[in-house]
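Working notes, structure below.
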Amino acid sequence: FDSTADAHISSVSWVQEGGTHIAVGTSAGTTQLWDVDACKQLRSMDGHTDRVGALSWNRHILSSGGRDATIVNHDVRVAHHNVATHCNHTQEICGLAWSPDGMTLASGANDNKLCLWDASASSSSGPRYSLTDHQAAVKALSWSPHERNLLATGGGTADRCIKFWNSQTGALLNSIDTGSQVCSLVWNPFEKEILSSHGFARNQLSLWKYPTMAKVKELEGHIARVLHMACSPDGETVVSAAADETLRFWNVFAPSGKSLSKS
């Protein structure tokens, strides 16, 4: 990726089925598709007027969220890639996540709103639900791998809460105040647990039992807010990326019957 003086990478997302294709969002507002093995850009897709900070795949549909407060659904198979543009948010989209069944797209933004969109929604459709319970930006979004229609979301500094939703009914199932901004959420693929990452004051990762939300452990080491987490393909390792410009790898999830190694 040759970033020009006025453009840098603002988001990345591997294609779902594995393989060598990766989507790249740029600060110039383009969404690019790259073949990593060939080190070759396959296409560049427009649709945004400002940086693309969030990406999520649903098979051949790539959804991008921009600082221009819009969400674009791109069908990467066809020339006219823009199949829907959603404009319900009023500030930058900072989180996007398709549900595992591919039926619902969750979007979070700096306007403190969480929106749930049907996969069939067109540009003229509104969201299935527009939820305003969070009191700060909604960046952290994570769908449960254990329970259909269960979505976890996290709010920023003025909110500090992890909230759980039924995406089918729009019902708020539970809310817990974590005491600091929630930047990212990842479910344990093996157990009913969820890992959250935080900012001021301790910049920690917290592991919680679900649904009791009893705290299992805290992982410390970052010295600035932990902006992003990603889980390894085997589900056992989580990488955290923080504003301290470090990546840390944690052996935090283990399949049942396997002992947990120290983080």
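If you're wondering about the labels, chains in the structure tokens are A, B, ... by order shown, residues count from 1 in each chain, ligands from 1 in order shown.
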Can you tell me which residues surround range 11-23 of chain A at a distance of at most 9 Å, considering only C-alpha atoms, apart from same-chain residues fewer than 4 positions away, and format the answer as a VMD selection string? chain A and resid 27 31 to 38 52 to 60 62
Can I get the residues of range 156-252 of chain A within 12 Å of range 80-95 of chain A, each with the closest pair of atoms and their distance in Å to one decimal, using only C-alpha atoms, sorted chain first then ascending number, as a Markdown table?
| residue | atom | partner | partner_atom | distance |
| --- | --- | --- | --- | --- |
| A:Gly156 | CA | A:Cys94 | CA | 11.0 |
| A:Cys183 | CA | A:Gly95 | CA | 9.9 |
| A:Ser184 | CA | A:Gly95 | CA | 9.4 |
| A:Leu185 | CA | A:Gly95 | CA | 10.9 |
| A:Leu227 | CA | A:Cys94 | CA | 11.0 |
| A:His228 | CA | A:Gly95 | CA | 10.8 |
Please provide the set of residues having any atom within 9 Å of range 231-244 of chain A, restricted to only C-alpha atoms, with same-chain residues fewer than 2 positions apart removed, written as a PDB file with N, CA and C atoms, in the first residue's frame.
ATOM      1  N   VAL A 186     -14.787  -8.493  22.646  1.00  0.00           N
ATOM      2  CA  VAL A 186     -14.599  -9.768  21.934  1.00  0.00           C
ATOM      3  C   VAL A 186     -15.184 -10.889  22.795  1.00  0.00           C
ATOM      4  N   TRP A 187     -16.059 -11.697  22.201  1.00  0.00           N
ATOM      5  CA  TRP A 187     -16.598 -12.863  22.910  1.00  0.00           C
ATOM      6  C   TRP A 187     -15.590 -14.005  22.901  1.00  0.00           C
ATOM      7  N   ASN A 188     -15.566 -14.771  23.983  1.00  0.00           N
ATOM      8  CA  ASN A 188     -14.819 -16.023  24.042  1.00  0.00           C
ATOM      9  C   ASN A 188     -15.568 -17.046  23.173  1.00  0.00           C
ATOM     10  N   PRO A 189     -14.908 -17.618  22.148  1.00  0.00           N
ATOM     11  CA  PRO A 189     -15.619 -18.569  21.285  1.00  0.00           C
ATOM     12  C   PRO A 189     -15.935 -19.906  21.952  1.00  0.00           C
ATOM     13  N   PHE A 190     -15.271 -20.193  23.085  1.00  0.00           N
ATOM     14  CA  PHE A 190     -15.417 -21.498  23.734  1.00  0.00           C
ATOM     15  C   PHE A 190     -16.354 -21.479  24.942  1.00  0.00           C
ATOM     16  N   SER A 197     -12.067  -4.007  26.405  1.00  0.00           N
ATOM     17  CA  SER A 197     -10.841  -3.216  26.541  1.00  0.00           C
ATOM     18  C   SER A 197     -11.213  -1.778  26.866  1.00  0.00           C
ATOM     19  N   ASN A 203      -6.472   1.515  31.486  1.00  0.00           N
ATOM     20  CA  ASN A 203      -6.149   0.978  30.154  1.00  0.00           C
ATOM     21  C   ASN A 203      -6.033  -0.549  30.159  1.00  0.00           C
ATOM     22  N   LEU A 205      -7.658  -4.713  30.037  1.00  0.00           N
ATOM     23  CA  LEU A 205      -8.616  -5.631  29.445  1.00  0.00           C
ATOM     24  C   LEU A 205      -9.313  -6.344  30.596  1.00  0.00           C
ATOM     25  N   HIS A 222      -0.931  -2.131  29.012  1.00  0.00           N
ATOM     26  CA  HIS A 222      -0.974  -0.951  28.146  1.00  0.00           C
ATOM     27  C   HIS A 222      -0.935   0.325  28.989  1.00  0.00           C
ATOM     28  N   ILE A 223      -0.350   1.385  28.423  1.00  0.00           N
ATOM     29  CA  ILE A 223      -0.262   2.659  29.156  1.00  0.00           C
ATOM     30  C   ILE A 223      -1.077   3.761  28.474  1.00  0.00           C
ATOM     31  N   ALA A 224      -1.900   3.384  27.500  1.00  0.00           N
ATOM     32  CA  ALA A 224      -2.864   4.311  26.896  1.00  0.00           C
ATOM     33  C   ALA A 224      -4.071   3.479  26.482  1.00  0.00           C
ATOM     34  N   ARG A 225      -5.152   4.136  26.083  1.00  0.00           N
ATOM     35  CA  ARG A 225      -6.405   3.417  25.849  1.00  0.00           C
ATOM     36  C   ARG A 225      -6.252   2.321  24.802  1.00  0.00           C
ATOM     37  N   VAL A 226      -6.930   1.203  25.064  1.00  0.00           N
ATOM     38  CA  VAL A 226      -6.820   0.006  24.226  1.00  0.00           C
ATOM     39  C   VAL A 226      -7.923   0.071  23.176  1.00  0.00           C
ATOM     40  N   LEU A 227      -7.541   0.568  21.999  1.00  0.00           N
ATOM     41  CA  LEU A 227      -8.522   0.952  20.985  1.00  0.00           C
ATOM     42  C   LEU A 227      -9.154  -0.224  20.264  1.00  0.00           C
ATOM     43  N   HIS A 228      -8.435  -1.330  20.141  1.00  0.00           N
ATOM     44  CA  HIS A 228      -8.927  -2.410  19.291  1.00  0.00           C
ATOM     45  C   HIS A 228      -8.445  -3.761  19.798  1.00  0.00           C
ATOM     46  N   MET A 229      -9.276  -4.775  19.594  1.00  0.00           N
ATOM     47  CA  MET A 229      -8.868  -6.158  19.863  1.00  0.00           C
ATOM     48  C   MET A 229      -9.295  -7.029  18.692  1.00  0.00           C
ATOM     49  N   THR A 246       1.620   0.116  20.910  1.00  0.00           N
ATOM     50  CA  THR A 246       2.089  -1.268  21.050  1.00  0.00           C
ATOM     51  C   THR A 246       0.946  -2.227  20.751  1.00  0.00           C
ATOM     52  N   LEU A 247       1.341  -3.417  20.297  1.00  0.00           N
ATOM     53  CA  LEU A 247       0.442  -4.568  20.186  1.00  0.00           C
ATOM     54  C   LEU A 247       0.810  -5.537  21.295  1.00  0.00           C
ATOM     55  N   ARG A 248      -0.188  -6.097  21.966  1.00  0.00           N
ATOM     56  CA  ARG A 248       0.077  -7.113  22.988  1.00  0.00           C
ATOM     57  C   ARG A 248      -0.771  -8.342  22.691  1.00  0.00           C
ATOM     58  N   PHE A 249      -0.165  -9.513  22.868  1.00  0.00           N
ATOM     59  CA  PHE A 249      -0.844 -10.774  22.586  1.00  0.00           C
ATOM     60  C   PHE A 249      -1.128 -11.479  23.909  1.00  0.00           C
ATOM     61  N   TRP A 250      -2.381 -11.906  24.083  1.00  0.00           N
ATOM     62  CA  TRP A 250      -2.832 -12.486  25.352  1.00  0.00           C
ATOM     63  C   TRP A 250      -3.411 -13.880  25.110  1.00  0.00           C
ATOM     64  N   ASN A 251      -2.938 -14.856  25.890  1.00  0.00           N
ATOM     65  CA  ASN A 251      -3.542 -16.196  25.860  1.00  0.00           C
ATOM     66  C   ASN A 251      -4.694 -16.199  26.859  1.00  0.00           C
ATOM     67  N   VAL A 252      -5.824 -15.674  26.421  1.00  0.00           N
ATOM     68  CA  VAL A 252      -6.896 -15.398  27.373  1.00  0.00           C
ATOM     69  C   VAL A 252      -8.064 -16.367  27.254  1.00  0.00           C
ATOM     70  N   PHE A 253      -8.269 -16.961  26.068  1.00  0.00           N
ATOM     71  CA  PHE A 253      -9.350 -17.928  25.875  1.00  0.00           C
ATOM     72  C   PHE A 253      -8.738 -19.309  25.681  1.00  0.00           C
ATOM     73  N   ALA A 254      -9.347 -20.331  26.277  1.00  0.00           N
ATOM     74  CA  ALA A 254      -8.880 -21.689  26.068  1.00  0.00           C
ATOM     75  C   ALA A 254     -10.080 -22.605  25.872  1.00  0.00           C
ATOM     76  N   PRO A 255      -9.991 -23.569  24.927  1.00  0.00           N
ATOM     77  CA  PRO A 255     -11.081 -24.535  24.769  1.00  0.00           C
ATOM     78  C   PRO A 255     -11.277 -25.330  26.038  1.00  0.00           C
TER      79      PRO A 255
END
Skipping near chain neighbours, those fewer than 4 positions away, what residues fall within 12 Å of range 123-135 of chain A using only C-alpha atoms, listed as a ChimeraX atom specification? /A:70-73,82-89,103-119,139-140,153-177,181-182
Pick from A:Lys217, A:His48, A:Arg43, A:Arg148 nearest to Pro100 in chain A, counting only C-alpha atoms: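 Among the listed residues, A:Arg148 lies closest to Pro100 in chain A.
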Report, in Å to a single decimal, how far apart CA of Ser144 in chain A and CA of Gly66 in chain A are.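 So the two atoms, CA of Gly66 in chain A and CA of Ser144 in chain A, lie 24.9 Å apart.
One distance worth recording is that between CA of Asp75 in chain A and CA of Asn149 in chain A, which is 24.1 Å.
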Point-to-point distance from CA of Ala201 in chain A to CA of Ala69 in chain A, Å rounded to tenths: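 Answer for the CA of Ala201 in chain A to CA of Ala69 in chain A separation: 29.1 Å.
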